[in-house]
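J.: The following file, my_file_5.txt, comprises compact mmCIF, C-alpha atoms:
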# COMPACT_ATOMS: atom_id res chain seq x y z
CA MET A 173 -3.04 22.97 19.27
CA ALA A 174 -4.19 23.24 15.67
CA PHE A 175 -1.83 21.61 13.19
CA THR A 176 -0.19 23.82 10.59
CA LEU A 177 1.57 22.77 7.40
CA PRO A 178 5.23 23.79 7.67
CA ASP A 179 6.93 25.27 4.63
CA LEU A 180 9.45 22.98 2.99
CA PRO A 181 12.93 23.92 4.25
CA TYR A 182 14.02 24.22 0.57
CA SER A 183 12.37 25.07 -2.73
CA HIS A 184 10.14 22.54 -4.48
CA ASP A 185 12.76 21.97 -7.19
CA ALA A 186 15.76 21.84 -4.83
CA LEU A 187 15.87 18.03 -4.86
CA ALA A 188 15.02 17.51 -8.53
CA ASP A 189 18.61 16.75 -9.56
CA LEU A 190 18.89 14.36 -6.60
CA GLY A 191 15.96 12.12 -7.56
CA MET A 192 12.92 13.83 -6.03
CA SER A 193 11.12 15.92 -8.61
CA ARG A 194 9.25 19.19 -8.17
CA GLU A 195 6.06 17.33 -9.14
CA THR A 196 6.55 14.78 -6.35
CA LEU A 197 7.18 17.49 -3.75
CA GLU A 198 4.19 19.51 -4.94
CA PHE A 199 1.86 16.56 -4.51
CA HIS A 200 3.54 15.12 -1.45
CA HIS A 201 3.98 18.30 0.60
CA ASP A 202 1.32 20.66 -0.76
CA ILE A 203 -1.46 18.08 -1.10
CA HIS A 204 -0.83 14.83 0.84
CA HIS A 205 0.76 16.46 3.89
CA LYS A 206 -1.78 19.28 3.82
CA ALA A 207 -4.62 16.72 3.79
CA TYR A 208 -3.26 15.14 6.98
CA VAL A 209 -3.08 18.60 8.59
CA ASP A 210 -6.60 19.57 7.49
CA ASN A 211 -8.19 16.22 8.34
CA GLY A 212 -6.37 16.11 11.67
CA ASN A 213 -7.67 19.58 12.58
CA LYS A 214 -11.24 18.60 11.70
CA LEU A 215 -11.00 15.44 13.81
CA ILE A 216 -9.48 17.01 16.95
CA ALA A 217 -11.79 20.06 16.98
CA GLY A 218 -13.95 19.94 20.09
CA THR A 219 -12.23 16.85 21.52
CA GLU A 220 -9.91 16.35 24.48
CA TRP A 221 -7.01 16.50 22.00
CA GLU A 222 -7.75 19.98 20.69
CA ASN A 223 -5.23 21.74 22.94
CA LYS A 224 -2.64 18.98 23.24
CA SER A 225 0.76 18.97 21.53
CA LEU A 226 1.27 16.90 18.39
CA GLU A 227 3.49 14.45 20.28
CA GLU A 228 0.90 14.01 23.04
CA ILE A 229 -1.81 13.33 20.47
CA VAL A 230 0.28 10.74 18.61
CA LYS A 231 1.24 8.89 21.80
CA GLY A 232 -2.19 9.25 23.38
CA THR A 233 -4.24 7.97 20.45
CA TYR A 234 -2.02 5.06 19.36
CA GLN A 235 -3.73 1.73 20.00
CA PRO A 236 -1.17 -1.08 20.33
CA GLY A 237 -2.30 -4.29 18.66
CA ALA A 238 -5.33 -2.72 16.97
CA VAL A 239 -6.23 -4.13 13.55
CA ALA A 240 -6.52 -0.55 12.30
CA GLN A 241 -5.63 2.75 13.94
CA ASN A 242 -8.15 5.56 14.47
CA GLY A 243 -8.48 8.67 12.32
CA ILE A 244 -6.98 11.12 14.83
CA PHE A 245 -3.90 8.95 15.19
CA ASN A 246 -3.52 8.40 11.45
CA ASN A 247 -3.61 12.09 10.59
CA ALA A 248 -1.59 13.32 13.58
CA SER A 249 1.14 10.71 13.11
CA GLN A 250 1.35 11.32 9.36
CA HIS A 251 1.69 15.06 10.08
CA TRP A 252 4.54 14.33 12.49
CA ASN A 253 6.15 11.84 10.08
CA HIS A 254 6.15 14.27 7.16
CA ASN A 255 7.53 17.11 9.31
CA LEU A 256 10.51 14.87 10.05
CA PHE A 257 10.81 13.63 6.47
CA TRP A 258 11.19 17.13 4.97
CA GLU A 259 13.71 18.03 7.65
CA VAL A 260 16.03 15.04 7.09
CA MET A 261 16.42 15.71 3.36
CA GLY A 262 18.17 18.59 1.68
CA PRO A 263 20.17 19.78 -1.28
CA GLY A 264 23.42 20.52 0.60
CA GLU A 265 26.48 18.72 1.94
CA LYS A 266 26.14 14.93 2.10
CA LYS A 267 29.04 14.07 4.40
CA ILE A 268 28.12 12.12 7.54
CA PRO A 269 29.30 13.99 10.68
CA GLY A 270 31.91 12.11 12.73
CA ALA A 271 29.77 11.49 15.80
CA LEU A 272 26.98 9.95 13.72
CA GLU A 273 29.42 7.89 11.68
CA SER A 274 30.91 6.47 14.90
CA ALA A 275 27.48 5.68 16.31
CA LEU A 276 26.40 3.94 13.08
CA THR A 277 29.63 1.97 12.92
CA GLU A 278 29.29 0.91 16.54
CA SER A 279 25.69 -0.26 16.12
CA PHE A 280 25.75 -1.76 12.62
CA GLY A 281 29.40 -2.58 11.89
CA SER A 282 29.78 0.11 9.23
CA VAL A 283 27.87 2.90 7.53
CA ASP A 284 27.35 0.64 4.49
CA LYS A 285 25.90 -2.11 6.67
CA PHE A 286 23.53 0.43 8.24
CA LYS A 287 22.43 1.56 4.76
CA GLU A 288 21.83 -2.04 3.69
CA GLU A 289 19.72 -2.74 6.76
CA PHE A 290 17.75 0.50 6.38
CA ALA A 291 17.07 -0.11 2.67
CA ALA A 292 16.03 -3.70 3.39
CA ALA A 293 13.60 -2.51 6.07
CA GLY A 294 12.04 -0.05 3.63
CA ALA A 295 11.78 -2.64 0.87
CA GLY A 296 10.40 -5.21 3.31
CA GLN A 297 7.60 -3.02 4.68
CA PHE A 298 4.71 -4.58 2.75
CA GLY A 299 2.22 -1.91 1.71
CA SER A 300 2.23 1.66 3.01
CA GLY A 301 4.55 2.66 5.83
CA TRP A 302 7.92 3.96 6.91
CA ALA A 303 11.46 2.78 7.68
CA TRP A 304 13.35 4.40 10.54
CA LEU A 305 16.69 4.82 12.23
CA VAL A 306 15.85 5.15 15.92
CA LYS A 307 17.58 5.52 19.26
CA ASP A 308 15.87 3.43 21.91
CA ALA A 309 15.62 4.08 25.66
CA SER A 310 19.01 2.39 26.25
CA GLY A 311 20.67 4.70 23.71
CA ALA A 312 21.22 1.93 21.14
CA LEU A 313 20.62 2.69 17.45
CA LYS A 314 18.23 0.39 15.59
CA VAL A 315 16.56 0.14 12.20
CA THR A 316 12.80 -0.42 12.31
CA LYS A 317 9.82 -0.38 9.95
CA THR A 318 6.21 0.56 10.66
CA GLU A 319 2.90 0.28 8.81
CA ASN A 320 0.86 3.22 7.53
CA GLY A 321 1.33 6.14 9.97
CA VAL A 322 2.78 4.29 12.97
CA ASN A 323 6.05 5.89 14.12
CA PRO A 324 8.81 5.61 16.76
CA LEU A 325 6.94 7.86 19.24
CA CYS A 326 4.54 4.94 19.69
CA PHE A 327 7.41 2.85 21.09
CA ASP A 328 9.18 5.55 23.12
CA GLN A 329 12.01 5.70 20.62
CA THR A 330 13.75 8.80 19.25
CA ALA A 331 13.52 8.99 15.47
CA LEU A 332 16.79 10.06 13.86
CA LEU A 333 15.87 9.34 10.24
CA GLY A 334 12.67 8.25 8.50
CA VAL A 335 11.80 7.41 4.92
CA ASP A 336 8.29 7.34 3.54
CA VAL A 337 7.53 4.14 1.60
CA TRP A 338 3.94 4.96 0.75
CA GLU A 339 3.81 4.70 -3.04
CA HIS A 340 2.93 8.41 -3.33
CA SER A 341 6.46 9.19 -2.15
CA TYR A 342 8.15 7.52 -5.12
CA TYR A 343 5.66 6.54 -7.80
CA ILE A 344 6.13 9.63 -9.99
CA ASP A 345 9.93 9.37 -9.97
CA PHE A 346 10.60 5.63 -9.54
CA ARG A 347 7.30 3.88 -10.41
CA ASN A 348 7.27 0.39 -8.82
CA LYS A 349 11.01 0.41 -8.09
CA ARG A 350 11.00 1.04 -4.36
CA PRO A 351 14.52 -0.37 -3.76
CA ALA A 352 15.98 2.16 -6.25
CA TYR A 353 14.13 4.98 -4.47
CA LEU A 354 15.58 3.84 -1.12
CA THR A 355 19.16 3.62 -2.39
CA ASN A 356 18.82 7.05 -3.96
CA PHE A 357 17.37 8.44 -0.72
CA LEU A 358 20.35 7.23 1.31
CA ASP A 359 22.99 8.21 -1.24
CA LYS A 360 21.66 11.55 -2.45
CA LEU A 361 18.80 12.98 -0.42
CA VAL A 362 19.59 12.61 3.28
CA ASN A 363 20.82 15.69 5.15
CA TRP A 364 23.09 13.87 7.60
CA GLU A 365 23.72 17.04 9.64
CA ALA A 366 20.01 17.09 10.50
CA VAL A 367 20.12 13.40 11.41
CA ALA A 368 23.21 13.87 13.61
CA ALA A 369 21.52 16.78 15.42
CA LYS A 370 18.89 14.34 16.74
CA LEU A 371 21.44 11.96 18.29
CA MET B 232 21.89 -39.37 -20.87
CA LEU B 233 19.39 -36.55 -20.98
CA ARG B 234 16.59 -38.95 -20.08
CA THR B 235 18.56 -40.24 -17.09
CA ALA B 236 19.20 -36.72 -15.87
CA LEU B 237 15.54 -35.84 -16.25
CA ALA B 238 14.44 -38.97 -14.40
CA ALA B 239 16.93 -38.23 -11.65
CA SER B 240 15.68 -34.70 -11.28
CA LEU B 241 12.07 -35.88 -11.14
CA PHE B 242 13.06 -38.42 -8.53
CA ALA B 243 14.81 -35.77 -6.50
CA PHE B 244 11.72 -33.53 -6.53
CA PRO B 245 8.72 -35.87 -6.24
CA ALA B 246 6.43 -32.94 -5.48
CA LEU B 247 7.77 -30.91 -8.41
CA ALA B 248 4.92 -28.54 -9.06
CA GLN B 249 4.11 -26.05 -11.72
CA ASP B 250 5.18 -22.51 -10.83
CA PHE B 251 2.45 -19.91 -10.65
CA THR B 252 2.35 -17.75 -13.78
CA LEU B 253 1.09 -14.30 -14.63
CA PRO B 254 -2.25 -14.56 -16.48
CA GLU B 255 -2.65 -12.46 -19.60
CA LEU B 256 -4.97 -9.50 -19.39
CA PRO B 257 -8.40 -10.42 -20.81
CA TYR B 258 -8.27 -7.21 -22.95
CA ALA B 259 -5.65 -4.88 -24.41
CA ALA B 260 -3.67 -2.68 -21.99
CA ASP B 261 -5.36 0.44 -23.39
CA ALA B 262 -8.87 -1.06 -23.44
CA LEU B 263 -9.93 0.55 -20.15
CA ASP B 264 -8.67 4.02 -21.01
CA PRO B 265 -9.47 6.72 -19.87
CA VAL B 266 -10.59 5.24 -16.54
CA ILE B 267 -7.34 3.25 -16.31
CA ASN B 268 -4.80 4.20 -18.95
CA ALA B 269 -2.35 1.92 -20.76
CA GLN B 270 0.69 3.06 -18.76
CA THR B 271 -1.00 2.23 -15.46
CA MET B 272 -2.21 -1.13 -16.79
CA GLU B 273 1.23 -2.06 -18.09
CA LEU B 274 2.90 -1.27 -14.78
CA HIS B 275 0.12 -2.72 -12.65
CA HIS B 276 -0.14 -5.98 -14.56
CA GLY B 277 3.36 -6.34 -16.01
CA LYS B 278 5.36 -5.19 -12.97
CA HIS B 279 3.29 -5.23 -9.76
CA HIS B 280 1.27 -8.40 -10.46
CA GLN B 281 4.34 -10.11 -11.96
CA THR B 282 6.31 -9.33 -8.77
CA TYR B 283 3.65 -10.99 -6.60
CA VAL B 284 3.79 -14.08 -8.84
CA ASP B 285 7.61 -14.18 -8.73
CA ASN B 286 7.78 -13.65 -4.97
CA LEU B 287 5.09 -16.30 -4.40
CA ASN B 288 7.12 -18.82 -6.41
CA LYS B 289 10.26 -17.87 -4.46
CA ALA B 290 8.49 -18.27 -1.12
CA ILE B 291 7.24 -21.72 -2.08
CA ALA B 292 10.69 -22.72 -3.33
CA ALA B 293 12.05 -21.59 0.05
CA GLY B 294 9.64 -23.95 1.81
CA ASP B 295 7.16 -21.37 3.14
CA ALA B 296 4.27 -23.58 1.95
CA PRO B 297 4.12 -27.10 0.48
CA ALA B 298 4.85 -27.16 -3.26
CA GLY B 299 1.74 -28.01 -5.23
CA THR B 300 -0.66 -26.22 -2.86
CA SER B 301 -3.37 -24.51 -4.91
CA LEU B 302 -3.67 -20.73 -4.91
CA GLU B 303 -7.12 -21.10 -3.30
CA ASP B 304 -5.69 -23.16 -0.43
CA LEU B 305 -2.78 -20.75 0.07
CA VAL B 306 -5.24 -17.86 0.32
CA ALA B 307 -7.72 -19.69 2.57
CA GLY B 308 -4.95 -20.73 4.95
CA ALA B 309 -2.98 -17.47 4.73
CA GLY B 310 -2.70 -17.15 8.50
CA THR B 311 -1.07 -20.58 8.79
CA PHE B 312 1.75 -19.74 6.34
CA THR B 313 4.45 -17.05 6.37
CA PRO B 314 3.80 -13.36 5.65
CA ALA B 315 5.46 -13.90 2.25
CA ILE B 316 2.75 -16.43 1.31
CA ARG B 317 -0.08 -14.31 2.72
CA ASN B 318 1.11 -11.18 0.90
CA ASN B 319 2.05 -12.69 -2.44
CA ALA B 320 -0.65 -15.36 -2.76
CA GLY B 321 -3.08 -12.57 -1.84
CA GLY B 322 -1.51 -10.25 -4.40
CA HIS B 323 -1.72 -12.91 -7.13
CA TRP B 324 -5.32 -13.89 -6.31
CA ASN B 325 -6.58 -10.31 -5.90
CA HIS B 326 -5.09 -9.02 -9.14
CA THR B 327 -6.28 -12.01 -11.19
CA PHE B 328 -9.78 -11.44 -9.80
CA PHE B 329 -9.48 -7.67 -10.45
CA TRP B 330 -8.60 -8.01 -14.16
CA GLU B 331 -11.54 -10.38 -14.65
CA SER B 332 -13.93 -7.94 -12.93
CA MET B 333 -13.45 -5.26 -15.54
CA ALA B 334 -14.21 -4.80 -19.25
CA PRO B 335 -13.98 -1.95 -21.75
CA ALA B 336 -16.80 0.52 -21.03
CA ALA B 337 -18.63 -0.35 -24.27
CA GLU B 338 -18.60 -4.05 -23.42
CA ALA B 339 -19.21 -3.92 -19.67
CA GLY B 340 -22.43 -5.84 -19.09
CA GLU B 341 -25.55 -5.18 -17.05
CA MET B 342 -26.38 -6.28 -13.55
CA SER B 343 -28.76 -9.27 -13.42
CA PRO B 344 -32.24 -8.57 -11.98
CA GLU B 345 -31.42 -10.91 -9.06
CA LEU B 346 -28.24 -9.04 -8.10
CA SER B 347 -29.91 -5.67 -8.64
CA GLU B 348 -32.77 -6.69 -6.31
CA ALA B 349 -30.37 -7.95 -3.66
CA ILE B 350 -28.34 -4.72 -3.82
CA THR B 351 -31.48 -2.60 -3.54
CA ALA B 352 -32.74 -4.70 -0.62
CA VAL B 353 -29.49 -4.32 1.34
CA PHE B 354 -28.30 -0.83 0.40
CA GLY B 355 -31.53 0.94 -0.59
CA SER B 356 -30.58 1.53 -4.23
CA GLU B 357 -27.75 0.94 -6.66
CA ASP B 358 -26.63 4.56 -6.13
CA GLU B 359 -26.51 4.08 -2.38
CA PHE B 360 -24.55 0.86 -2.86
CA ARG B 361 -22.01 2.67 -5.04
CA ALA B 362 -21.69 5.51 -2.52
CA ALA B 363 -21.12 3.06 0.35
CA PHE B 364 -18.52 1.10 -1.66
CA GLU B 365 -16.68 4.31 -2.60
CA LYS B 366 -16.70 5.47 1.00
CA ALA B 367 -15.27 2.16 2.24
CA GLY B 368 -12.53 2.44 -0.40
CA ALA B 369 -11.74 6.04 0.51
CA ASP B 370 -11.71 5.22 4.24
CA ARG B 371 -9.17 2.38 3.92
CA PHE B 372 -6.09 4.11 5.34
CA GLY B 373 -2.97 3.07 3.43
CA SER B 374 -2.88 0.27 0.90
CA GLY B 375 -5.66 -2.28 0.55
CA TRP B 376 -8.84 -3.34 -1.20
CA VAL B 377 -12.55 -2.66 -0.96
CA TRP B 378 -14.95 -5.55 -1.57
CA LEU B 379 -18.54 -6.52 -2.20
CA ILE B 380 -18.99 -9.98 -0.69
CA VAL B 381 -21.65 -12.55 0.02
CA ASN B 382 -21.20 -13.18 3.74
CA ASP B 383 -21.84 -16.33 5.79
CA GLU B 384 -25.56 -15.52 6.00
CA ASP B 385 -25.82 -15.27 2.19
CA GLN B 386 -26.16 -11.49 2.55
CA LEU B 387 -24.39 -8.86 0.49
CA GLU B 388 -21.90 -6.82 2.51
CA ILE B 389 -19.20 -4.21 1.81
CA THR B 390 -15.83 -4.76 3.50
CA SER B 391 -12.26 -3.63 3.11
CA THR B 392 -8.95 -5.35 3.79
CA PRO B 393 -5.41 -4.05 4.34
CA ASN B 394 -2.56 -4.62 1.89
CA GLN B 395 -3.16 -7.83 -0.15
CA ASP B 396 -5.49 -9.58 2.27
CA ASN B 397 -8.94 -10.60 0.99
CA PRO B 398 -12.26 -11.89 2.39
CA LEU B 399 -11.40 -15.53 1.58
CA MET B 400 -8.51 -15.47 4.05
CA ASP B 401 -8.71 -17.01 7.49
CA VAL B 402 -7.16 -13.77 8.79
CA ALA B 403 -9.88 -11.52 7.36
CA GLU B 404 -11.96 -9.56 9.88
CA THR B 405 -15.07 -10.19 7.77
CA GLN B 406 -15.03 -13.34 5.69
CA GLY B 407 -17.14 -14.19 2.68
CA THR B 408 -17.19 -14.83 -1.05
CA PRO B 409 -15.95 -11.80 -3.02
CA LEU B 410 -18.11 -10.66 -5.92
CA LEU B 411 -16.19 -7.49 -6.72
CA GLY B 412 -12.97 -5.88 -5.48
CA ASN B 413 -11.29 -2.57 -6.21
CA ASP B 414 -7.61 -1.98 -5.61
CA VAL B 415 -6.89 1.15 -3.54
CA TRP B 416 -3.12 0.81 -3.42
CA GLU B 417 -1.78 4.10 -4.76
CA HIS B 418 -0.12 2.27 -7.67
CA ALA B 419 -3.62 1.49 -8.99
CA TYR B 420 -4.44 5.15 -9.62
CA TYR B 421 -1.53 7.48 -8.90
CA LEU B 422 -0.34 8.14 -12.47
CA THR B 423 -3.80 9.34 -13.53
CA TYR B 424 -5.52 10.52 -10.35
CA ASN B 425 -2.55 11.30 -8.05
CA ASN B 426 -3.93 11.79 -4.53
CA ARG B 427 -7.57 11.79 -5.75
CA ARG B 428 -8.58 8.27 -4.73
CA ALA B 429 -12.24 9.26 -4.43
CA GLU B 430 -12.31 10.36 -8.08
CA TYR B 431 -10.79 7.04 -9.17
CA LEU B 432 -13.37 5.11 -7.13
CA GLY B 433 -16.17 7.13 -8.73
CA LYS B 434 -15.00 6.66 -12.32
CA TRP B 435 -14.20 2.97 -11.90
CA TRP B 436 -17.89 1.97 -12.22
CA ASP B 437 -17.70 2.67 -15.99
CA ILE B 438 -15.51 -0.41 -16.49
CA VAL B 439 -17.00 -2.88 -14.00
CA ASP B 440 -18.25 -5.93 -15.88
CA TRP B 441 -21.62 -6.56 -14.21
CA THR B 442 -22.28 -9.66 -16.33
CA GLU B 443 -19.29 -11.32 -14.67
CA ILE B 444 -20.18 -10.01 -11.20
CA SER B 445 -23.78 -11.25 -11.59
CA GLU B 446 -22.52 -14.74 -12.49
CA ARG B 447 -20.35 -14.72 -9.38
CA TYR B 448 -23.43 -13.78 -7.34
CA ASP B 449 -25.43 -16.69 -8.77
CA GLN B 450 -22.61 -19.08 -7.91
CA ALA B 451 -22.13 -17.66 -4.42
CA ILE B 452 -25.77 -18.11 -3.45
CA GLY B 453 -25.89 -21.52 -5.10
CA GLN B 454 -28.10 -20.86 -8.11
Transcribe the structure of this file into structure tokens.

T.:
Amino acid sequence: MAFTLPDLPYSHDALADLGMSRETLEFHHDIHHKAYVDNGNKLIAGTEWENKSLEEIVKGTYQPGAVAQNGIFNNASQHWNHNLFWEVMGPGEKKIPGALESALTESFGSVDKFKEEFAAAGAGQFGSGWAWLVKDASGALKVTKTENGVNPLCFDQTALLGVDVWEHSYYIDFRNKRPAYLTNFLDKLVNWEAVAAKL
Amino acid sequence: MLRTALAASLFAFPALAQDFTLPELPYAADALDPVINAQTMELHHGKHHQTYVDNLNKAIAAGDAPAGTSLEDLVAGAGTFTPAIRNNAGGHWNHTFFWESMAPAAEAGEMSPELSEAITAVFGSEDEFRAAFEKAGADRFGSGWVWLIVNDEDQLEITSTPNQDNPLMDVAETQGTPLLGNDVWEHAYYLTYNNRRAEYLGKWWDIVDWTEISERYDQAIGQ
């Protein structure tokens, strides 16, 4: 199934007062994400993956233990990752729904402890990649980090929340200060309703 | 009293070694403009490179590698130390090498006839070499470096490495002596070129100091 670039679920300047500028969203969504969509479509055309779902392509092309992943995986996974990223941010209400708060408290001790662990995972991912809140097969919540485009689908985990720590995600607004970007993401950008809906 | 305290502290740390320090840029921060502008240079050198130096010193202080180990030995043995040593010793080595590989466009020297001949013999022409180097840099997915090296057979070869790895490391897929390296982490070009890494790779040739690279080639092949 050909990939298509989804519209942002909010306007390009909707997050500007919350630490993600219009300029960042224009480059990140309209250009970076679009490049993954376009390159992915070129690479799957005429292959066995052409008519598969995005999830099937990500899981089917991931090569565990490989020094570098292949082009189809890189573009498909980055398409999937960015779809999730736009969805878990938003300009609205920032209260954490009760069910999610309980689950975070049960797994991490408190919401603050979860945030600390998540921010540390993002800061500790050396080079390009992502930090995640996932639910594993046993139903337990965990914080993970992955390199480049690798994502929780590769490990049969459900992604509840993901943050992009490629420099293009924060360089315009935060320069080299990745930890400040991560704290801001957790405190101001996350749409916790969308995260709770994935529980 | 002070002398006693100093002696005691030296006694307590017999291997007390000099911390690694950030080298000064060999030119002004705006000297490579417009290919790399002053703002990018100030952040890249003053913040990113400084952070690698600081984190390398912290890792050594934490016992991740023996104090006093040279940067060259930390890099060569990267796979035997912790990720903090591999990443930050690599970051320090790569950036030091990078600054020394460039010069203001008006002062960037010429390729020696020997290096030019070797490049033509391996890649067909200097243009084809540049195209292959740019392609390897563009194809590196995520952060990393693209290199021109002299490999184990004394042949020129283009390689790329992820993150802050380099061809001197025991963990490198293709090992050799680097002659030239370009940084394709987004921080190296994002403020000027945004997503356009290929454009950055193409313009970068204006500030490569071929006099320096040619000297490295002579050394690498033992001349």

J.: Find the spatial neighbours of stretch 275-284 of chain B, counting all atoms listed in the file, within a cut-off of 7 Å - ignore same-chain residues fewer than 3 positions away - and output them as number ranges by chain.

T.: A: 348; B: 251-253, 271-272, 287-288, 319, 322-323, 326, 419

J.: With a distance threshold of 6 Å and counting all atoms listed in the file, extract the residues of chain A near chain B and express them as number ranges by chain.

T.: A: 299-300, 320, 339

J.: Rounded to one decimal place, report the atom CA of A:Asn247-atom CA of A:Lys214 distance in Å.

T.: 10.1 Å

J.: Calculate how many Å separate atom CA of B:Tyr258 from atom CA of B:Ser391, rounding to one decimal.

T.: 26.6 Å

J.: Which one is closest to A:Thr355: A:Ala295, A:Ala369, A:Ile268, A:Ala248? Count only C-alpha atoms.

T.: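 Closest residue, counting only C-alpha atoms: A:Ala295.
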
J.: Could you list as a VMD selection string every residue that has an atom within 6 Å of (-19.6, -4.8, 2.1), using the file's coordinates and counting all atoms listed in the file?

T.: chain B and resid 378 to 380 388 to 390

J.: Would you mind reading off the distance between atom CA of B:Glu443 and atom CA of B:Glu331, one decimal, in Å?

T.: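 We find that atom CA of B:Glu443 and atom CA of B:Glu331 lie 7.8 Å from each other.
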
J.: With all atoms listed in the file as the counted atoms, please give the residues lying no more than 9 Å from B:Val306, apart from itself and same-chain residues fewer than 4 positions off, as a PyMOL selection string.

T.: chain B and resi 301-302+310+316-317+320-321+324+396-397+399-401

J.: Looking at only C-alpha atoms, which of B:Ala403, B:Ala262, B:Tyr431, B:Gly412 is the one that sits closest to A:Val239?

T.: B:Ala403
